[in-house]
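To start, the structure itself, in structure tokens.
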Amino acid sequence: MAMRHLITGQNNCAPDGASSSNPLNALANAVLGQSSKAQSIKELPGSVSVPSTSDFGAAGPLSTIPGSENEFKQDQRPLARGADFIRGGPANDWIESFRPPGVPEFGGPEERFAEFDQIYNNTGTTFGPPLDGPPQRVLSGVLHSFLASGRAGVPFQPVPVPALGLSESDKQCIRDRSCIMARHILADQPEEYIQAQVNTLLHSLDIDNRMRGPMHGRYPELEEYWNQSQSSMGPAMMHNAADKWITEFGKQSNNPENWANSFEQQYGPNGWASEFEQHQSQMAVGQMGGANMANLAAMEQSRMLAQTLASNNDPKFQNSKFFQFVSKMSRGELIIEDNQVKQGSASQSSGWADEFQTQYNANANSWADQFAHEELSQGADKWVSEFSSEHNQGALNDKWIDEFSKLNVTDEWAEEFSGGFGESSADPWVDEFQEQLLSSKQNSGASRGVYVFSEMNPYVGHPNPMQEGQELFRKGLLSEAVLALEAEVLKNPDNSEGWRLLGVTHAENDDDQQAIAAMMRAHQANPTNLEVLLALGVSHTNELEQGEALRYLYRWLQNHPKYGGLALPQSTDSPYGPDVIKLFNDAAQMSPEDADVHIVLGVLYNLSREYDKAIASFKTALQLKPQDYSLWNKLGATQANSIQSADAILAYQQALDLKPNYVRAWANMGISYANQGLYEDSIRYYVRAVSMNPKADNAWQYLRISLGNASRADMIAACDARNLDALQKEFPL
Amino acid sequence: MDGSSLKSAQLLEQMRLHLATDAGKELTKKVGLVYQLNIAPKKLGVDEEIFVVDLKKGEVTKGPYQGKPDATFSFTDSDFLGIVTGKTNPQMAFIRGAIKIKGSIIAAQKFSLDIFPKPAKL
């Protein structure tokens with residue numbers, strides 16, 4: 001219960017299973033696996049639950065061993081229930097389960113309740129209940145005082161008891177369960193003390209304790225398991241070992257092999273499997289309400305949370321990531337485990353399983369199979385949480401609960417939550433994973449300025465790919481032109497013009513990363529080519545890389561035969577923006593008819609975000625070069641960036657009239673519509689852009705955002721799968 | 001935004017202009033909360049530049065908010081850019097610890113970063 005106190009922040013919290021109006025609270029409850037217990041009991045009416053070793057870390061061991069009558073009482077006595085629980089209801093349930101099986105239930109329910117009330121009243125005031133009346137009551141009384149003494153930590157005083165007439169099997173039942181219970185309740189006490197306590201109790205009840213030997217009755221398997229772990233470590237050590245195990249796992253989570261080894265050293269390859277199997281069977285029976293239930297309950301609770309959130313009518317909120325996150329959790333697509341959110345059936349987990357399987361093919365094949373099977377059906381790493389949730393005192397889990405518990409108390413939970421994640425030991429793993437995702441997505445290295453060639457290129461071996469590439473570029477078949485020009489630069493890696501045209505083509509195809517990479521090669525082959533320097537300046541501007549852009553544009557001036565003299569005598573690697581602008585203004589005064597100077601000025605004003613001046617510069621340049629479609633696009637883009645979207649669309653239209661296959665202008669059109677909140681319209685332009693160049697990653701990303709904002713989540717899957725046919729059919733232009 | 005060498009500065013400048021348009025005013029009307037963005041050039045929390053996106057008044061300003069913003073986001077320049085342009089999944093970024101949020105989570109949820117206007121390309 002202590003865990004839940006952390007969450008509710010008070011001691012007189014609602015009793016177990018009570019419906020809480022706070023869904024987060026309920027979710028926390030579910031994650032802790034407390035309220036799910038009543039649930040699990042219901043599934044087995046009539047059966048008596050059995051303590052197992054897995055209970056050892058639980059904060060309130062008593063509450064995990066409810067008797068069969070628990071369900072009945074919960075249903076029938078809603079009002080008294082709270083009080084019962086506060087006074088240690090589960091313990092009473094346990095006692096009730098000692099009612100000798102042979103004795104029938106006396107009278108109707110009412111009668112029984114009256115009697116119980118009496119027992120409760122008695123235990124509330126005194127250690128010594130009246131020891132007369134029917135055997136059941138006497139037995140209850142004795143056991144109550146036994147419990148009380150255990151809690152108080154005083155030796156149990158033997159009480160004279162009238163003959164109870166217990167049968168041999170009753171005695172055995174009491175003896176077995178007392179032993180087990182005592183170990184649970186007195187887990188922190190030395191073994192001898194426990195023995196003494198139990199012996200006193202059994203002696204009081206006139207039960208022979210020598211018959212402990214090999215366990216019999218209904219739970220031989222569990223008892224055997226208990227004894228095994230008992231003999232090897234004793235309860236306290238078991239505890240420590242488990243904690244240690246969890247910590248160890250936390251530390252080594254990026255090294256599963258190590259962990260597995262150390263586990264094997266402790267338990268042998270089969271020990272783990274058998275433990276797992278045992279947990280499995282228990283879960284199947286549903287008695288312990290372990291992690292399986294906790295997970296299901298977490299799902300259930302997050303579903304409730306999702307419903308609560310769904311009742312918020314704000315569409316923005318409905319689309320929000322958090323809401324989606326909770327919804328996913330409620331559908332079991334995401335599972336929270338060890339401070340991490342995991343995809344329910346994600347490939348990473350099965351990848352892990354695969355890896356593990358190959359490593360342990362030799363000795364743990366069946367286990368891996370089972371694990372893999374388990375993963376498929378239930379989700380990732382479930383057993384980890386199963387183990388750790390049964391050892392609630394494990395450090396990782398505690399921390400997580402701590403973080404989570406603050407949710408309820410203060411609104412600043414997000415900070416705590418993310419803080420917890422940040423410090424989590426598995427954090428680097430997520431980072432790594434993210435990076436891998438990113439790099440595989442970005443064709444690895446494109447961002448580093450390394451040109452990435454297409455894999456299948458029909459133009460390799462073409463007699464004159466340069467000419468072919470120029471021809472294709474002129475026709476506006478940009479993606480084909482890219483292939484031809486790639487063939488050319490593969491053949492002649494020092495062909496500056498080949499690289500330059502390749503870069504231009506990529507820029508028009510709306511791929512600045514590749515454009516920069518190609519232009520760098522062109523620049524290498526010919527460091528003074530002005531067109532290359534301008535193109536690099538523009539592409540870096542598009543990537544918002546101010547310093548780089550400024551450097552190349554300044555070099556344009558330095559290398560210009562006419563304006564080179566204007567450049568400052570001392571060479572500088574990081575020129576100051578306003579200085580460069582001033583120099584170009586001087587150049588523009590020198591020769592106002594040079595469109596290129598105005599173009600560079602326009603780009604420079606974009607860098608300094610003086611959009612009005614940039615627009616003026618581009619307009620001046622357009623008067624000199626009205627047929628330059630890329631210039632129209634530059635004007636449009638500048639207008640768009642200063643949020644004059646209507647003007648921008650006109651300028652883009654001019655560019656597209658001059659060059660219908662200008663992917664960049666199509667994508668920019670989409671951006672303009674999206675920036676005006678016209679997401680439906682923007683989608684059509686984005687789809688056009690990506691159908692012309694399926695490699696235009698930016699356009700794909702923007703398309704996805706627009707689909708989301710236009711409430712067309714139904715097409716996001718098609719977008720993610722890059723299914724052009726479906727998108728073109730749905731959004732014709 | 002002037003004088004900032006952050007890539008994000010352009011987006012914020014665009015946002016500032018955007019808030020004066022009809023679409024921007026609608027956003028202001030719909031959200032009506034104040035957000036502070038702490039954007040670090042490289043490492044979270046180091047050399048942060050602070051911007052305020054005031055969706056109450058409809059303005060973007062540099063420097064910390066005078067008073068208590070409804071929510072404060074912290075991220076690096078490139079993560080912010082990545083999220084706005086759809087390169088980075090904000091959920092993963094959050095879990096990874098690349099985004100930190102202070103203040104009301106409800107308020108934070110009302111501010112999805114993909115409503116930022118996108119930069120057009122020259």
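All residue names refer to the structure tokens as shown: chains lettered A, B, ... in order, residues numbered from 1 in each chain, ligands numbered from 1 in order.
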
Closest pair table for chain B residues within 9 Å of chain A, only C-alpha atoms, as JSON lines:
{"residue": "B:Asp2", "atom": "CA", "partner": "A:Ser608", "partner_atom": "CA", "distance": 8.1}
{"residue": "B:Gly3", "atom": "CA", "partner": "A:Ser608", "partner_atom": "CA", "distance": 8.5}
{"residue": "B:Ser5", "atom": "CA", "partner": "A:Gln546", "partner_atom": "CA", "distance": 7.3}
{"residue": "B:Leu6", "atom": "CA", "partner": "A:Leu544", "partner_atom": "CA", "distance": 8.5}
{"residue": "B:Lys7", "atom": "CA", "partner": "A:Leu544", "partner_atom": "CA", "distance": 5.3}
{"residue": "B:Ser8", "atom": "CA", "partner": "A:Leu544", "partner_atom": "CA", "distance": 8.3}
{"residue": "B:Gln10", "atom": "CA", "partner": "A:Arg609", "partner_atom": "CA", "distance": 7.3}
{"residue": "B:Leu11", "atom": "CA", "partner": "A:Asn641", "partner_atom": "CA", "distance": 8.8}
{"residue": "B:Glu13", "atom": "CA", "partner": "A:Arg609", "partner_atom": "CA", "distance": 8.0}
{"residue": "B:Gln14", "atom": "CA", "partner": "A:Asn641", "partner_atom": "CA", "distance": 6.2}
{"residue": "B:Met15", "atom": "CA", "partner": "A:Ile643", "partner_atom": "CA", "distance": 8.9}
{"residue": "B:Leu17", "atom": "CA", "partner": "A:Ile643", "partner_atom": "CA", "distance": 6.3}
{"residue": "B:His18", "atom": "CA", "partner": "A:Ile643", "partner_atom": "CA", "distance": 6.1}
{"residue": "B:Thr21", "atom": "CA", "partner": "A:Ile643", "partner_atom": "CA", "distance": 7.9}
{"residue": "B:Asp22", "atom": "CA", "partner": "A:Gln676", "partner_atom": "CA", "distance": 7.9}
{"residue": "B:Ala23", "atom": "CA", "partner": "A:Gln676", "partner_atom": "CA", "distance": 5.7}
{"residue": "B:Gly24", "atom": "CA", "partner": "A:Gln676", "partner_atom": "CA", "distance": 8.2}
{"residue": "B:Lys30", "atom": "CA", "partner": "A:Asp314", "partner_atom": "CA", "distance": 8.9}
{"residue": "B:Thr85", "atom": "CA", "partner": "A:Tyr702", "partner_atom": "CA", "distance": 6.7}
{"residue": "B:Gly86", "atom": "CA", "partner": "A:Gln701", "partner_atom": "CA", "distance": 5.2}
{"residue": "B:Lys87", "atom": "CA", "partner": "A:Gln701", "partner_atom": "CA", "distance": 6.5}
{"residue": "B:Thr88", "atom": "CA", "partner": "A:Leu438", "partner_atom": "CA", "distance": 8.8}
{"residue": "B:Pro90", "atom": "CA", "partner": "A:Lys321", "partner_atom": "CA", "distance": 7.8}
{"residue": "B:Gln91", "atom": "CA", "partner": "A:Lys321", "partner_atom": "CA", "distance": 6.7}
{"residue": "B:Met92", "atom": "CA", "partner": "A:Gln434", "partner_atom": "CA", "distance": 8.0}
{"residue": "B:Ala93", "atom": "CA", "partner": "A:Gln434", "partner_atom": "CA", "distance": 8.9}
{"residue": "B:Phe94", "atom": "CA", "partner": "A:Ser418", "partner_atom": "CA", "distance": 6.7}
{"residue": "B:Ile95", "atom": "CA", "partner": "A:Phe421", "partner_atom": "CA", "distance": 6.3}
{"residue": "B:Arg96", "atom": "CA", "partner": "A:Val430", "partner_atom": "CA", "distance": 6.3}
{"residue": "B:Gly97", "atom": "CA", "partner": "A:Gly422", "partner_atom": "CA", "distance": 4.8}
{"residue": "B:Ala98", "atom": "CA", "partner": "A:Gly422", "partner_atom": "CA", "distance": 8.2}
{"residue": "B:Ile99", "atom": "CA", "partner": "A:Ser418", "partner_atom": "CA", "distance": 7.8}
{"residue": "B:Lys100", "atom": "CA", "partner": "A:Glu415", "partner_atom": "CA", "distance": 6.1}
{"residue": "B:Ile101", "atom": "CA", "partner": "A:Glu415", "partner_atom": "CA", "distance": 5.2}
{"residue": "B:Lys102", "atom": "CA", "partner": "A:Glu415", "partner_atom": "CA", "distance": 5.3}
{"residue": "B:Gly103", "atom": "CA", "partner": "A:Glu412", "partner_atom": "CA", "distance": 5.1}
{"residue": "B:Ser104", "atom": "CA", "partner": "A:Asp411", "partner_atom": "CA", "distance": 5.4}
{"residue": "B:Ile105", "atom": "CA", "partner": "A:Ala414", "partner_atom": "CA", "distance": 6.3}
{"residue": "B:Ile106", "atom": "CA", "partner": "A:Asp411", "partner_atom": "CA", "distance": 8.6}
{"residue": "B:Gln109", "atom": "CA", "partner": "A:Ser320", "partner_atom": "CA", "distance": 6.1}
{"residue": "B:Lys110", "atom": "CA", "partner": "A:Phe317", "partner_atom": "CA", "distance": 5.8}
{"residue": "B:Phe111", "atom": "CA", "partner": "A:Lys316", "partner_atom": "CA", "distance": 8.3}
{"residue": "B:Ser112", "atom": "CA", "partner": "A:Ser320", "partner_atom": "CA", "distance": 6.8}
{"residue": "B:Asp114", "atom": "CA", "partner": "A:Ile705", "partner_atom": "CA", "distance": 6.7}
{"residue": "B:Ile115", "atom": "CA", "partner": "A:Asn675", "partner_atom": "CA", "distance": 8.0}
{"residue": "B:Phe116", "atom": "CA", "partner": "A:Asn675", "partner_atom": "CA", "distance": 7.8}
{"residue": "B:Pro117", "atom": "CA", "partner": "A:Asn675", "partner_atom": "CA", "distance": 5.0}
{"residue": "B:Lys118", "atom": "CA", "partner": "A:Ile671", "partner_atom": "CA", "distance": 6.4}
{"residue": "B:Pro119", "atom": "CA", "partner": "A:Asn641", "partner_atom": "CA", "distance": 5.9}
{"residue": "B:Ala120", "atom": "CA", "partner": "A:Ala637", "partner_atom": "CA", "distance": 4.9}
{"residue": "B:Lys121", "atom": "CA", "partner": "A:Asn542", "partner_atom": "CA", "distance": 5.4}
{"residue": "B:Leu122", "atom": "CA", "partner": "A:Lys634", "partner_atom": "CA", "distance": 4.3}

So that I can see what lies close to Tyr65 (chain B), please list as a PDB file with C-alpha atoms, in the first residue's frame the residues with an atom at most 9 Å from it, counting only C-alpha atoms and leaving out residues fewer than 5 positions away in the same chain.
ATOM      1  CA  VAL B  34       1.595  31.784 -23.440  1.00  0.00           C
ATOM      2  CA  TYR B  35       4.542  29.536 -24.251  1.00  0.00           C
ATOM      3  CA  GLN B  36       8.180  30.031 -23.563  1.00  0.00           C
ATOM      4  CA  ILE B  50      14.709  32.266 -24.771  1.00  0.00           C
ATOM      5  CA  PHE B  51      11.715  33.153 -26.878  1.00  0.00           C
ATOM      6  CA  VAL B  52       8.119  33.711 -25.938  1.00  0.00           C
ATOM      7  CA  ASP B  54       2.416  34.600 -26.780  1.00  0.00           C
TER       8      ASP B  54
END

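Excluding Ser78 (chain B) itself and same-chain residues fewer than 2 positions from it, the residues having an atom within 8 Å of it are Lys7, Ser8, Pro41, Lys42, Thr76, Phe80, Leu81 and Gly82 of chain B, counting only C-alpha atoms.
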
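Between CA of Tyr459 (chain A) and CA of Ala487 (chain A) the interatomic distance comes to 5.7 Å.
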
Taking 5 positions as the minimum chain separation for residues in the same chain, which residues sit within 8 Å of Gly58 (chain B) when counting only C-alpha atoms? Answer as a compact mmCIF listing (two decimals) with C-alpha atoms, in the first residue's frame.
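Below is the file that was written, selection17.txt:
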# COMPACT_ATOMS: atom_id res chain seq x y z
CA ARG B 16 5.80 36.32 -35.51
CA LEU B 19 0.41 35.62 -36.04
CA ALA B 20 -0.58 38.85 -37.75
CA GLY B 24 -2.46 33.32 -37.08
CA LYS B 25 -5.26 35.26 -35.41
CA THR B 28 -4.42 33.00 -31.08
CA VAL B 53 5.33 32.69 -28.25

- Query: chain B: which residues are helix (DSSP H, G or I) by DSSP, as an NGL selection string?
  - Reply: :B and (8-18 or 22-31 or 77-84 or 90-96 or 105-109 or 113-115)

Kindly export the residues of the current selection with N, CA and C atoms, as a compact mmCIF listing (two decimals), in the first residue's frame.
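File produced: again_29.txt:
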# COMPACT_ATOMS: atom_id res chain seq x y z
N SER B 8 16.46 28.12 -35.68
CA SER B 8 15.07 28.28 -35.26
C SER B 8 14.60 29.72 -35.35
N ALA B 9 15.57 30.65 -35.32
CA ALA B 9 15.18 32.06 -35.30
C ALA B 9 14.35 32.41 -36.52
N GLN B 10 14.69 31.79 -37.66
CA GLN B 10 13.90 32.11 -38.84
C GLN B 10 12.46 31.62 -38.68
N LEU B 11 12.32 30.43 -38.11
CA LEU B 11 10.97 29.91 -37.90
C LEU B 11 10.19 30.81 -36.96
N LEU B 12 10.87 31.29 -35.93
CA LEU B 12 10.19 32.13 -34.95
C LEU B 12 9.82 33.47 -35.56
N GLU B 13 10.71 34.00 -36.41
CA GLU B 13 10.40 35.24 -37.11
C GLU B 13 9.17 35.03 -37.99
N GLN B 14 9.15 33.87 -38.67
CA GLN B 14 7.99 33.57 -39.51
C GLN B 14 6.73 33.45 -38.67
N MET B 15 6.89 32.84 -37.50
CA MET B 15 5.74 32.69 -36.61
C MET B 15 5.23 34.07 -36.20
N ARG B 16 6.18 34.97 -35.92
CA ARG B 16 5.80 36.32 -35.51
C ARG B 16 4.94 36.97 -36.59
N LEU B 17 5.40 36.84 -37.84
CA LEU B 17 4.65 37.42 -38.95
C LEU B 17 3.33 36.69 -39.15
N HIS B 18 3.41 35.39 -38.97
CA HIS B 18 2.23 34.55 -39.19
C HIS B 18 1.09 34.95 -38.25
N ASP B 22 -4.63 36.14 -40.86
CA ASP B 22 -5.91 35.59 -40.42
C ASP B 22 -5.73 34.22 -39.76
N ALA B 23 -4.92 33.40 -40.42
CA ALA B 23 -4.68 32.06 -39.87
C ALA B 23 -4.05 32.17 -38.49
N GLY B 24 -3.14 33.14 -38.36
CA GLY B 24 -2.46 33.32 -37.08
C GLY B 24 -3.41 33.82 -36.01
N LYS B 25 -4.31 34.73 -36.39
CA LYS B 25 -5.26 35.26 -35.41
C LYS B 25 -6.20 34.17 -34.92
N GLU B 26 -6.55 33.30 -35.86
CA GLU B 26 -7.41 32.19 -35.47
C GLU B 26 -6.72 31.31 -34.43
N LEU B 27 -5.45 31.11 -34.67
CA LEU B 27 -4.64 30.31 -33.74
C LEU B 27 -4.64 30.96 -32.36
N THR B 28 -4.43 32.26 -32.34
CA THR B 28 -4.42 33.00 -31.08
C THR B 28 -5.75 32.82 -30.35
N LYS B 29 -6.82 32.93 -31.14
CA LYS B 29 -8.15 32.82 -30.55
C LYS B 29 -8.35 31.41 -29.97
N LYS B 30 -7.87 30.44 -30.70
CA LYS B 30 -8.12 29.05 -30.33
C LYS B 30 -7.30 28.63 -29.10
N VAL B 31 -6.04 29.04 -29.07
CA VAL B 31 -5.15 28.56 -28.00
C VAL B 31 -5.20 29.49 -26.79
N ASP B 77 18.38 23.48 -30.91
CA ASP B 77 18.03 24.13 -32.16
C ASP B 77 17.58 23.12 -33.20
N SER B 78 18.38 22.07 -33.39
CA SER B 78 18.07 21.15 -34.47
C SER B 78 16.86 20.29 -34.15
N ASP B 79 16.65 19.99 -32.87
CA ASP B 79 15.45 19.22 -32.53
C ASP B 79 14.20 20.04 -32.78
N PHE B 80 14.28 21.31 -32.41
CA PHE B 80 13.12 22.18 -32.65
C PHE B 80 12.83 22.24 -34.15
N LEU B 81 13.86 22.46 -34.93
CA LEU B 81 13.71 22.52 -36.37
C LEU B 81 13.15 21.20 -36.90
N GLY B 82 13.72 20.11 -36.40
CA GLY B 82 13.28 18.79 -36.85
C GLY B 82 11.81 18.55 -36.56
N ILE B 83 11.36 18.99 -35.40
CA ILE B 83 9.97 18.75 -35.03
C ILE B 83 9.04 19.62 -35.89
N VAL B 84 9.43 20.88 -36.06
CA VAL B 84 8.57 21.77 -36.85
C VAL B 84 8.46 21.28 -38.29
N PRO B 90 7.98 14.10 -32.38
CA PRO B 90 8.04 14.77 -31.07
C PRO B 90 7.88 13.80 -29.90
N GLN B 91 7.13 12.75 -30.13
CA GLN B 91 6.93 11.77 -29.05
C GLN B 91 8.25 11.10 -28.69
N MET B 92 8.96 10.67 -29.73
CA MET B 92 10.25 10.03 -29.48
C MET B 92 11.22 11.03 -28.86
N ALA B 93 11.18 12.26 -29.37
CA ALA B 93 12.09 13.27 -28.84
C ALA B 93 11.83 13.49 -27.36
N PHE B 94 10.57 13.47 -27.00
CA PHE B 94 10.19 13.68 -25.61
C PHE B 94 10.70 12.53 -24.74
N ILE B 95 10.49 11.34 -25.24
CA ILE B 95 10.90 10.17 -24.47
C ILE B 95 12.42 10.10 -24.36
N ARG B 96 13.06 10.49 -25.41
CA ARG B 96 14.51 10.49 -25.44
C ARG B 96 15.06 11.55 -24.50
N ILE B 105 0.75 20.51 -18.53
CA ILE B 105 0.80 19.58 -19.65
C ILE B 105 -0.37 19.81 -20.58
N ILE B 106 -1.49 20.18 -20.02
CA ILE B 106 -2.66 20.44 -20.87
C ILE B 106 -2.35 21.60 -21.80
N ALA B 107 -1.73 22.63 -21.22
CA ALA B 107 -1.36 23.79 -22.04
C ALA B 107 -0.34 23.37 -23.10
N ALA B 108 0.61 22.54 -22.70
CA ALA B 108 1.64 22.11 -23.64
C ALA B 108 1.02 21.35 -24.80
N GLN B 109 0.01 20.57 -24.49
CA GLN B 109 -0.61 19.77 -25.55
C GLN B 109 -1.37 20.62 -26.55
N LEU B 113 3.75 21.68 -32.35
CA LEU B 113 4.75 22.49 -33.04
C LEU B 113 4.60 22.46 -34.55
N ASP B 114 3.82 21.50 -35.08
CA ASP B 114 3.74 21.47 -36.54
C ASP B 114 2.83 22.57 -37.09
N ILE B 115 2.25 23.40 -36.21
CA ILE B 115 1.51 24.54 -36.75
C ILE B 115 2.43 25.70 -37.09

- Task: Provide the CA of Glu593 (chain A) to CA of Ile649 (chain A) distance in Å, to one decimal place.
- Result: 27.1 Å
